[in-house]
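Heads up, upload_23.txt below (compact mmCIF, C-alpha atoms and all ligand atoms):
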```
# COMPACT_ATOMS: atom_id res chain seq x y z
CA MET L 1 -16.14 58.98 234.26
CA PRO L 2 -16.78 55.35 233.27
CA VAL L 3 -19.61 53.89 235.36
CA LEU L 4 -18.79 50.20 234.93
CA GLU L 5 -15.47 48.78 236.08
CA GLN L 6 -13.37 46.92 233.50
CA GLY L 7 -13.71 43.17 233.78
CA ARG L 8 -17.10 43.20 235.53
CA PRO L 9 -20.09 42.04 233.48
CA LEU L 10 -22.99 44.41 232.90
CA ARG L 11 -26.04 42.85 234.58
CA VAL L 12 -29.04 43.58 232.38
CA CYS L 13 -32.78 43.21 232.97
CA ILE L 14 -35.27 43.41 230.12
CA ALA L 15 -38.82 44.68 230.53
CA GLY L 16 -41.32 43.72 227.83
CA PHE L 17 -40.88 40.74 225.57
CA GLY L 18 -42.61 41.62 222.29
CA MET L 19 -40.92 42.30 218.97
CA ALA L 20 -38.57 44.89 220.45
CA GLY L 21 -38.01 43.15 223.82
CA ARG L 22 -36.97 39.87 222.16
CA CYS L 23 -34.47 41.73 220.00
CA HIS L 24 -33.05 43.51 223.06
CA ALA L 25 -32.86 40.23 224.96
CA GLU L 26 -31.18 38.27 222.15
CA THR L 27 -28.76 41.10 221.44
CA TRP L 28 -27.73 41.59 225.09
CA ALA L 29 -27.51 37.83 225.63
CA GLY L 30 -25.14 37.49 222.66
CA MET L 31 -22.73 40.23 223.77
CA ASP L 32 -19.42 39.62 225.56
CA GLY L 33 -19.31 41.15 229.03
CA VAL L 34 -23.09 41.13 229.51
CA ASP L 35 -25.21 38.90 231.74
CA VAL L 36 -28.99 38.95 231.28
CA VAL L 37 -30.29 38.46 234.83
CA GLY L 38 -34.06 38.91 234.60
CA VAL L 39 -36.98 39.49 232.24
CA HIS L 40 -40.30 41.18 232.97
CA SER L 41 -43.01 39.87 230.67
CA LEU L 42 -46.59 41.07 230.36
CA ARG L 43 -47.53 37.42 229.75
CA PRO L 44 -45.05 35.42 231.86
CA GLU L 45 -46.62 31.98 231.36
CA THR L 46 -46.97 32.39 227.61
CA GLU L 47 -43.56 33.91 227.04
CA ALA L 48 -41.37 31.94 229.51
CA PRO L 49 -40.27 29.35 226.89
CA ALA L 50 -39.24 32.11 224.45
CA VAL L 51 -37.35 33.92 227.25
CA ALA L 52 -35.50 30.67 228.07
CA ALA L 53 -34.63 30.19 224.38
CA ALA L 54 -33.33 33.75 224.03
CA CYS L 55 -31.58 34.22 227.39
CA GLY L 56 -30.98 30.75 228.83
CA PRO L 57 -33.08 28.48 231.07
CA ASP L 58 -31.91 30.02 234.38
CA VAL L 59 -33.02 33.58 233.70
CA PRO L 60 -36.06 34.32 235.92
CA VAL L 61 -39.24 35.75 234.41
CA PHE L 62 -41.37 38.23 236.37
CA GLY L 63 -44.92 39.45 235.88
CA SER L 64 -44.15 42.79 237.55
CA PHE L 65 -41.54 45.45 236.70
CA ALA L 66 -40.92 46.52 240.29
CA GLY L 67 -40.99 42.87 241.39
CA MET L 68 -38.14 42.10 238.99
CA LEU L 69 -36.05 45.02 240.23
CA ASP L 70 -36.71 44.00 243.86
CA ALA L 71 -35.67 40.41 243.20
CA VAL L 72 -32.49 40.65 241.09
CA GLU L 73 -29.23 42.58 241.35
CA CYS L 74 -28.79 44.51 238.10
CA ASP L 75 -27.02 47.57 236.69
CA PHE L 76 -29.09 48.25 233.62
CA VAL L 77 -32.67 47.90 232.36
CA SER L 78 -33.82 47.73 228.74
CA ILE L 79 -37.43 48.96 228.79
CA CYS L 80 -39.49 47.65 225.84
CA THR L 81 -42.96 47.67 227.35
CA LEU L 82 -46.06 49.42 226.03
CA HIS L 83 -46.02 53.22 225.82
CA ASP L 84 -48.36 53.94 228.73
CA THR L 85 -45.93 52.54 231.30
CA HIS L 86 -42.66 54.01 229.95
CA ALA L 87 -42.60 57.17 232.09
CA ALA L 88 -43.35 55.42 235.38
CA GLU L 89 -40.86 52.62 234.65
CA ILE L 90 -37.94 54.87 233.75
CA ILE L 91 -38.59 57.03 236.82
CA GLU L 92 -38.63 53.87 238.96
CA ALA L 93 -35.45 52.51 237.36
CA VAL L 94 -33.31 55.65 237.62
CA GLY L 95 -34.65 56.18 241.14
CA ARG L 96 -33.00 52.85 242.01
CA GLY L 97 -29.70 54.08 240.51
CA LEU L 98 -29.93 52.01 237.34
CA HIS L 99 -28.76 52.87 233.83
CA VAL L 100 -31.52 52.56 231.25
CA LEU L 101 -32.19 51.98 227.58
CA LEU L 102 -35.79 53.08 226.99
CA GLU L 103 -37.64 52.28 223.78
CA LYS L 104 -39.34 55.28 222.21
CA PRO L 105 -41.43 57.20 223.02
CA ILE L 106 -40.15 58.42 226.39
CA CYS L 107 -43.76 59.14 227.43
CA LEU L 108 -47.17 60.16 226.13
CA THR L 109 -47.64 63.65 227.60
CA PRO L 110 -45.65 66.90 228.02
CA GLU L 111 -46.18 66.65 231.81
CA ASP L 112 -44.53 63.23 231.91
CA LEU L 113 -41.70 64.49 229.70
CA ILE L 114 -40.84 67.09 232.34
CA ALA L 115 -41.19 64.55 235.16
CA VAL L 116 -38.89 62.03 233.43
CA ARG L 117 -36.23 64.66 232.86
CA LYS L 118 -36.32 65.72 236.52
CA ALA L 119 -35.91 62.11 237.63
CA VAL L 120 -33.08 61.38 235.18
CA LYS L 121 -31.14 64.52 236.11
CA ALA L 122 -31.63 63.90 239.84
CA ALA L 123 -30.45 60.29 239.54
CA GLY L 124 -27.39 61.06 237.40
CA THR L 125 -27.46 57.61 235.80
CA ARG L 126 -27.01 57.05 232.06
CA VAL L 127 -30.11 56.90 229.88
CA PHE L 128 -30.29 56.02 226.20
CA ILE L 129 -33.34 56.05 223.92
CA GLY L 130 -34.00 53.29 221.37
CA PHE L 131 -33.03 54.70 218.00
CA GLN L 132 -30.94 51.78 216.79
CA GLU L 133 -31.53 52.64 213.13
CA PHE L 134 -29.05 55.52 213.18
CA HIS L 135 -26.15 53.25 214.15
CA TYR L 136 -25.87 51.20 210.96
CA GLY L 137 -26.55 51.22 207.21
CA GLN L 138 -28.42 53.84 205.24
CA LEU L 139 -29.37 56.25 208.02
CA GLN L 140 -25.91 56.18 209.59
CA ALA L 141 -24.46 56.93 206.14
CA THR L 142 -27.00 59.75 205.74
CA ILE L 143 -25.98 61.37 209.04
CA GLU L 144 -22.27 60.89 208.25
CA ALA L 145 -22.67 62.50 204.81
CA VAL L 146 -23.99 65.62 206.54
CA GLU L 147 -21.45 65.54 209.38
CA LYS L 148 -18.53 65.15 206.94
CA GLY L 149 -19.77 68.18 204.97
CA TYR L 150 -20.47 66.31 201.70
CA LEU L 151 -23.69 68.29 201.26
CA GLY L 152 -22.35 71.58 202.66
CA ARG L 153 -24.95 73.56 204.60
CA VAL L 154 -28.23 71.62 204.40
CA HIS L 155 -30.97 74.23 204.12
CA LEU L 156 -33.81 71.79 203.37
CA ALA L 157 -34.30 68.35 204.92
CA GLU L 158 -37.45 66.38 204.17
CA ILE L 159 -37.78 63.16 206.12
CA GLU L 160 -40.81 61.11 205.17
CA TYR L 161 -41.81 57.91 206.94
CA PHE L 162 -44.54 55.62 205.59
CA ASN L 163 -46.04 52.59 207.28
CA GLY L 164 -49.44 50.89 207.27
CA ILE L 165 -50.77 50.19 210.76
CA ASN L 166 -53.60 47.81 209.91
CA PRO L 167 -54.98 44.74 211.74
CA SER L 168 -52.23 42.47 210.35
CA VAL L 169 -49.55 44.40 212.29
CA GLN L 170 -48.46 42.73 215.57
CA GLN L 171 -48.67 45.97 217.57
CA TYR L 172 -52.07 46.99 216.15
CA TRP L 173 -54.20 45.99 219.17
CA TRP L 174 -52.48 48.51 221.44
CA ALA L 175 -50.82 50.91 219.01
CA ARG L 176 -54.15 51.90 217.43
CA THR L 177 -55.41 53.38 220.73
CA LYS L 178 -54.82 56.91 221.97
CA ARG L 179 -54.34 55.67 225.53
CA VAL L 180 -51.44 53.31 224.77
CA GLY L 181 -50.23 53.97 221.23
CA GLY L 182 -50.64 57.74 221.61
CA SER L 183 -50.55 59.17 218.11
CA SER L 184 -48.95 58.83 214.70
CA MET L 185 -45.96 60.88 215.85
CA LEU L 186 -45.55 59.10 219.20
CA PHE L 187 -45.81 55.61 217.71
CA CYS L 188 -43.60 56.06 214.62
CA GLY L 189 -43.15 59.71 213.61
CA CYS L 190 -40.63 60.19 216.40
CA HIS L 191 -38.16 58.19 214.26
CA PRO L 192 -38.07 60.59 211.27
CA LEU L 193 -38.23 63.60 213.61
CA MET L 194 -35.21 62.23 215.49
CA LEU L 195 -33.36 61.87 212.19
CA LEU L 196 -34.11 65.51 211.35
CA MET L 197 -32.90 66.61 214.80
CA ASN L 198 -29.71 64.56 214.40
CA LEU L 199 -29.08 66.17 211.00
CA MET L 200 -29.72 69.75 212.23
CA LYS L 201 -28.21 69.39 215.68
CA ASP L 202 -26.14 72.58 215.56
CA THR L 203 -29.22 74.83 215.65
CA ARG L 204 -32.47 75.10 217.65
CA VAL L 205 -36.08 74.88 216.55
CA ALA L 206 -37.75 78.31 216.35
CA GLU L 207 -41.27 77.39 215.21
CA VAL L 208 -43.37 74.48 213.97
CA SER L 209 -46.56 74.06 211.95
CA ALA L 210 -48.38 70.77 211.42
CA PHE L 211 -51.44 69.33 209.72
CA SER L 212 -52.99 65.90 210.01
CA THR L 213 -55.38 63.80 208.01
CA HIS L 214 -56.54 60.20 207.65
CA SER L 215 -56.99 57.65 204.87
CA SER L 216 -60.54 56.62 204.04
CA ALA L 217 -59.42 53.00 203.41
CA ARG L 218 -61.23 50.53 205.72
CA ASP L 219 -57.85 49.06 206.74
CA PHE L 220 -57.26 52.08 208.99
CA GLU L 221 -60.76 52.95 210.22
CA ALA L 222 -60.16 51.68 213.78
CA LEU L 223 -57.08 53.83 214.42
CA GLU L 224 -58.03 56.25 217.19
CA TRP L 225 -55.61 58.94 216.03
CA GLN L 226 -55.13 60.82 212.76
CA ALA L 227 -52.65 58.55 211.00
CA THR L 228 -50.98 61.08 208.69
CA GLN L 229 -49.25 64.13 210.12
CA VAL L 230 -47.00 66.51 208.20
CA ASN L 231 -44.80 68.82 210.27
CA LEU L 232 -42.91 71.89 209.06
CA ILE L 233 -40.02 72.95 211.24
CA ARG L 234 -38.21 76.27 211.05
CA PHE L 235 -34.85 76.42 212.73
CA GLU L 236 -33.40 79.54 214.37
CA ASP L 237 -30.72 79.90 211.67
CA GLY L 238 -33.38 79.98 208.93
CA ARG L 239 -33.06 76.39 207.65
CA ILE L 240 -36.20 74.28 207.33
CA GLY L 241 -37.25 70.68 207.76
CA LYS L 242 -40.34 68.70 206.85
CA VAL L 243 -41.22 65.51 208.71
CA THR L 244 -44.00 63.24 207.50
CA SER L 245 -45.43 60.47 209.64
CA CYS L 246 -47.86 58.58 207.41
CA LEU L 247 -49.11 55.40 209.08
CA ASP L 248 -52.02 54.74 206.75
CA SER L 249 -50.18 53.93 203.54
CA LEU L 250 -51.09 50.80 201.60
CA HIS L 251 -47.51 50.36 200.40
CA PRO L 252 -44.93 48.69 202.66
CA TYR L 253 -42.74 50.44 205.26
CA TYR L 254 -40.69 53.09 203.47
CA TRP L 255 -38.44 56.04 204.36
CA ARG L 256 -37.83 58.84 201.91
CA ASN L 257 -35.07 61.30 202.77
CA SER L 258 -34.32 64.38 200.66
CA LEU L 259 -31.47 66.55 201.91
CA ILE L 260 -30.51 69.58 199.87
CA GLY L 261 -27.38 71.58 200.66
CA ASP L 262 -25.03 74.13 199.09
CA GLU L 263 -22.44 71.46 198.18
CA GLY L 264 -24.78 68.65 197.14
CA SER L 265 -27.94 66.62 197.65
CA LEU L 266 -28.77 63.23 199.09
CA ILE L 267 -32.02 61.51 198.16
CA ASP L 268 -32.44 58.11 199.82
CA THR L 269 -29.26 56.22 198.81
CA ARG L 270 -28.15 58.54 195.98
CA ILE L 271 -25.70 61.35 196.63
CA LEU L 272 -24.38 64.20 194.55
CA SER L 273 -21.50 66.00 196.22
CA ARG L 274 -18.98 68.61 195.11
CA THR L 275 -16.74 67.93 198.10
CA MET L 276 -16.76 64.12 198.49
CA MET L 277 -14.08 63.43 195.87
CA GLN L 278 -12.58 64.75 192.66
CA GLY L 279 -13.54 63.40 189.26
CA LEU L 280 -17.29 62.88 189.74
CA GLU L 281 -19.76 64.11 187.14
CA PRO L 282 -21.11 67.49 188.38
CA GLN L 283 -24.69 66.45 187.59
CA GLY L 284 -24.32 62.72 188.31
CA TRP L 285 -25.71 60.68 191.19
CA THR L 286 -23.47 58.26 193.07
CA GLU L 287 -25.31 55.27 194.53
CA LEU L 288 -24.34 54.45 198.12
CA ALA L 289 -23.91 50.72 198.63
CA THR L 290 -25.45 50.47 202.08
CA ARG L 291 -28.03 48.38 203.91
CA SER L 292 -31.44 49.91 203.18
CA ILE L 293 -33.55 51.11 206.11
CA ASN L 294 -36.63 49.73 204.37
CA ASP L 295 -36.31 46.27 205.94
CA ALA L 296 -36.74 47.77 209.45
CA GLY L 297 -40.52 47.39 209.58
CA VAL L 298 -39.79 44.01 211.16
CA LEU L 299 -36.98 44.11 213.71
CA SER L 300 -34.10 41.64 214.02
CA PRO L 301 -31.35 41.53 216.67
CA ASP L 302 -28.54 42.38 214.22
CA MET L 303 -30.08 45.87 213.89
CA PHE L 304 -29.40 46.50 217.59
CA THR L 305 -25.81 45.23 217.89
CA PRO L 306 -24.04 48.48 216.82
CA MET L 307 -26.06 50.66 219.23
CA PHE L 308 -25.66 48.22 222.10
CA GLY L 309 -21.89 48.14 221.46
CA ARG L 310 -21.82 51.92 221.78
CA ILE L 311 -23.85 51.79 225.00
CA LEU L 312 -21.35 49.34 226.50
CA ALA L 313 -18.41 51.51 225.39
CA ASN L 314 -20.13 54.54 226.91
CA LEU L 315 -20.61 52.80 230.26
CA ARG L 316 -17.13 51.21 230.34
CA GLU L 317 -14.92 53.81 228.64
CA ASP L 318 -17.03 56.96 228.58
CA ALA L 319 -17.09 56.77 224.77
CA PRO L 320 -19.49 59.30 223.24
CA MET L 321 -23.05 58.17 222.57
CA PRO L 322 -24.24 59.82 219.36
CA TYR L 323 -27.77 59.73 217.88
CA SER L 324 -29.53 58.07 220.85
CA GLY L 325 -28.50 59.99 223.97
CA PHE L 326 -31.14 61.11 226.47
CA ASP L 327 -30.75 64.89 226.06
CA ALA L 328 -31.11 64.85 222.27
CA ALA L 329 -34.08 62.47 222.42
CA TRP L 330 -35.69 64.58 225.15
CA GLU L 331 -35.38 67.69 222.98
CA MET L 332 -36.91 65.80 220.04
CA HIS L 333 -39.91 64.88 222.22
CA ARG L 334 -40.30 68.53 223.22
CA ILE L 335 -40.53 69.46 219.53
CA LEU L 336 -42.86 66.50 218.90
CA PHE L 337 -45.34 67.73 221.51
CA ALA L 338 -45.16 71.23 219.98
CA CYS L 339 -45.99 69.66 216.59
CA GLU L 340 -48.93 67.80 218.15
CA GLU L 341 -50.22 71.11 219.50
CA ALA L 342 -49.79 72.76 216.09
CA ALA L 343 -51.73 69.93 214.41
CA ARG L 344 -54.45 70.12 217.07
CA THR L 345 -54.94 73.89 216.84
CA GLY L 346 -54.05 74.45 213.17
CA ARG L 347 -51.74 77.25 214.30
CA PRO L 348 -47.94 77.65 214.34
CA VAL L 349 -46.35 76.87 217.71
CA VAL L 350 -43.15 78.24 219.24
CA PRO L 351 -41.78 75.32 221.30
CA ASP L 352 -39.99 77.61 223.77
CA GLN L 353 -43.36 79.18 224.61
CA TYR L 354 -45.45 75.99 224.54
CA LEU L 355 -43.04 73.75 226.45
CA ALA L 356 -40.04 75.69 227.68
CA PRO L 357 -36.95 73.60 228.43
CA PRO L 358 -36.21 73.59 232.18
CA GLY L 359 -33.51 76.17 232.98
N1 LIG A 401 -36.86 51.07 218.02
C1 LIG A 401 -37.67 50.52 217.13
O1 LIG A 401 -37.40 50.50 215.93
C2 LIG A 401 -38.95 49.92 217.60
C3 LIG A 401 -39.67 49.06 216.78
C4 LIG A 401 -40.81 48.45 217.28
C5 LIG A 401 -41.25 48.77 218.56
N2 LIG A 401 -40.56 49.65 219.30
C6 LIG A 401 -41.00 50.04 220.65
O2 LIG A 401 -40.81 48.93 221.53
C7 LIG A 401 -41.83 48.92 222.51
C8 LIG A 401 -42.56 47.59 222.47
O3 LIG A 401 -43.06 47.39 221.17
P1 LIG A 401 -43.12 45.93 220.49
O4 LIG A 401 -43.00 46.14 219.03
O5 LIG A 401 -42.16 45.03 221.17
O6 LIG A 401 -44.61 45.55 220.84
P2 LIG A 401 -45.28 44.10 220.87
O7 LIG A 401 -46.73 44.30 220.59
O8 LIG A 401 -44.53 43.16 220.00
O9 LIG A 401 -45.11 43.63 222.38
C9 LIG A 401 -45.29 44.56 223.42
C10 LIG A 401 -45.66 43.83 224.69
O10 LIG A 401 -46.99 43.37 224.56
C11 LIG A 401 -47.08 42.05 225.06
N3 LIG A 401 -48.16 41.39 224.36
C12 LIG A 401 -48.16 40.95 223.07
N4 LIG A 401 -49.37 40.42 222.78
C13 LIG A 401 -50.11 40.52 223.91
C14 LIG A 401 -51.45 40.17 224.27
N5 LIG A 401 -52.25 39.59 223.39
N6 LIG A 401 -51.87 40.46 225.53
C15 LIG A 401 -51.07 41.07 226.42
N7 LIG A 401 -49.81 41.41 226.15
C16 LIG A 401 -49.34 41.14 224.92
C17 LIG A 401 -45.72 41.45 224.81
O11 LIG A 401 -45.49 40.49 225.79
C18 LIG A 401 -44.79 42.62 224.98
O12 LIG A 401 -44.32 42.74 226.30
C19 LIG A 401 -42.71 50.12 222.20
O13 LIG A 401 -42.25 51.22 222.93
C20 LIG A 401 -42.48 50.35 220.72
O14 LIG A 401 -42.76 51.68 220.32
C21 LIG A 401 -39.41 50.21 218.86
```
Could you render the structure as structure tokens?
Ligand SMILES: NC(=O)c1ccc[n+]([C@@H]2O[C@H](COP(=O)([O-])OP(=O)(O)OC[C@H]3O[C@@H](n4cnc5c(N)ncnc54)[C@H](O)[C@@H]3O)[C@@H](O)[C@H]2O)c1
Amino acid sequence: MPVLEQGRPLRVCIAGFGMAGRCHAETWAGMDGVDVVGVHSLRPETEAPAVAAACGPDVPVFGSFAGMLDAVECDFVSICTLHDTHAAEIIEAVGRGLHVLLEKPICLTPEDLIAVRKAVKAAGTRVFIGFQEFHYGQLQATIEAVEKGYLGRVHLAEIEYFNGINPSVQQYWWARTKRVGGSSMLFCGCHPLMLLMNLMKDTRVAEVSAFSTHSSARDFEALEWQATQVNLIRFEDGRIGKVTSCLDSLHPYYWRNSLIGDEGSLIDTRILSRTMMQGLEPQGWTELATRSINDAGVLSPDMFTPMFGRILANLREDAPMPYSGFDAAWEMHRILFACEEAARTGRPVVPDQYLAPPG
């Protein structure tokens, strides 16, 4: 059932006005059929001029999340605040009957993951999680190549994500802490893990192993968590995945995807496929002309437009919401916490035993 009548604008509030929040605000403000009606900023005085520039001079700015929701009539909240408030804010928002787009991660602990799910299911509102990168360019093409069968049955998927979280990074002051940033996987590794889960979505995870380590470069010495974590994931049907979250690389932001199947392979933007079309060299790579993911270390609003369009279509027409729906993202977090436990203990973990999905 559509949840937004045709012809009525979607009234959107935005919480958090950093790199992600500005992109959400500018993207929502530029969309037909959307009114931005309020912004919650952690620094209202400092950020009010930027809010006015992005959303218009009449949009009120609030220092408190609940204060904003008390003061304005809205249908939808985009939550782009720091990680340690995500769980409480989404529970508050759905409790008020609002639809939500929550930036990753959903929360920082397994206990909060269960609590958020309970609240979302009880509220029955629509919740989306911020994985805009699967809705355009290279990663969308990667998922489509698998969904269209160009690689056949993918038995090995290695998704490697490299970034360097050093003092020159805007988010460093909070992301480097355990209390707010969380961990390598919670801050960034959830992105490549979500890609793996989107690629292998027709099976369940049976078991995970994980190991972590840390660069000895001074650039990363103040990170409170082990910056490099490698996760091995065995699926119930026997296929395997490897997810690397390496946040202490000296080279710039970089994804490396290697998907190997029984009809072909895809490595980054090169594909070899026996089923895609006739006439290709059996041993030859075909280069995909697609926007690279490797400019996504710094966000811009155009990266969000395709996902936001799908959210609107989901609310207005019940169109499907692939790649960023709540249930799939929730399951990814469940596997992420199992990987954290495996890295902590040095032992394999069965997610259904460590963090069983609610019945
Ligand atoms: N989907 C993605 O690709 C993507 C990319 C980046 C961030 N994110 C997520 O978006 C959320 C917000 O991240 P961000 O990149 O916008 O973070 P950010 O550091 O740019 O801003 C986060 C918040 O911190 C506030 N802030 C900035 N400097 C401050 C200071 N000196 N004192 C007090 N407050 C200050 C900002 O007002 C903002 O509300 C996080 O959940 C993050 O993981 C998602």
| message | When you look at Cys80 (chain L) with a cut-off of 8 Å (counting only C-alpha atoms), what residues show up, excluding the ones that are within fewer than 2 positions of it in the same chain? I need them as a count of residues only. | response | 11
| query | For the point (-22.4, 68.8, 199.5) in file coordinates, what residues are within 9 Å, counting all atoms listed in the file? Give the answer as a PyMOL selection string? | reply | chain L and resi 145-146+149-154+260-266+271-276
Generate a file of the selected residues that holds C-alpha atoms, formatted as a compact mmCIF listing (two decimals), keeping the file's coordinate frame.
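Written out: result.txt:
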```txt
# COMPACT_ATOMS: atom_id res chain seq x y z
CA ALA L 145 -22.67 62.50 204.81
CA VAL L 146 -23.99 65.62 206.54
CA GLY L 149 -19.77 68.18 204.97
CA TYR L 150 -20.47 66.31 201.70
CA LEU L 151 -23.69 68.29 201.26
CA GLY L 152 -22.35 71.58 202.66
CA ARG L 153 -24.95 73.56 204.60
CA VAL L 154 -28.23 71.62 204.40
CA ILE L 260 -30.51 69.58 199.87
CA GLY L 261 -27.38 71.58 200.66
CA ASP L 262 -25.03 74.13 199.09
CA GLU L 263 -22.44 71.46 198.18
CA GLY L 264 -24.78 68.65 197.14
CA SER L 265 -27.94 66.62 197.65
CA LEU L 266 -28.77 63.23 199.09
CA ILE L 271 -25.70 61.35 196.63
CA LEU L 272 -24.38 64.20 194.55
CA SER L 273 -21.50 66.00 196.22
CA ARG L 274 -18.98 68.61 195.11
CA THR L 275 -16.74 67.93 198.10
CA MET L 276 -16.76 64.12 198.49
```
| task | Determine, counting only C-alpha atoms, which protein, DNA and RNA residues have an atom within 9 Å of an atom of region 205-218 of chain L; residues of the same chain fewer than 6 positions away are not included. Present the result as number ranges by chain. | result | L: 225-238, 246-250, 335, 338-344, 346-352
| field | Point (-52.0, 51.1, 224.0) neighbourhood (9 Å, all atoms listed in the file) written as a PyMOL selection string | value | chain L and resi 82-84+171-182
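Each of L:Val243, L:Ala87, L:Ala71, L:Leu312 was checked against ligand LIG 401 (chain A) using all atoms listed in the file; the smallest atom-to-atom distance is that of L:Ala87.
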| task | List the neighbours of region 115-124 of chain L out to 7 Å using all atoms listed in the file; skip same-chain residues closer than 3 positions along the sequence, and give me the result as a count of residues only. | result | 7
| request: Determine the nearest neighbour of Trp28 (chain L) from the options L:Lys242, L:Arg291, L:Arg11, L:His251, counting only C-alpha atoms. | output: L:Arg11
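Coordinates place CA of Leu139 (chain L) at a distance of 16.2 Å from CA of Thr244 (chain L).
Atom pair CA of Asp219 (chain L) / CA of Glu47 (chain L): separated by 29.1 Å.
Interatomic distance, CA of Gly137 (chain L) against atom O1 of ligand LIG 401 (chain A): 13.9 Å.
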Where's the centre, and what are the edge lengths in Å to one decimal, of a box along x, y and z enclosing all listed atoms of ligand LIG 401 (chain A) padded 8 Å per side, as AutoDock Vina command-line options?
```
--center_x -44.6 --center_y 45.6 --center_z 221.2 --size_x 31.4 --size_y 28.1 --size_z 26.5
```
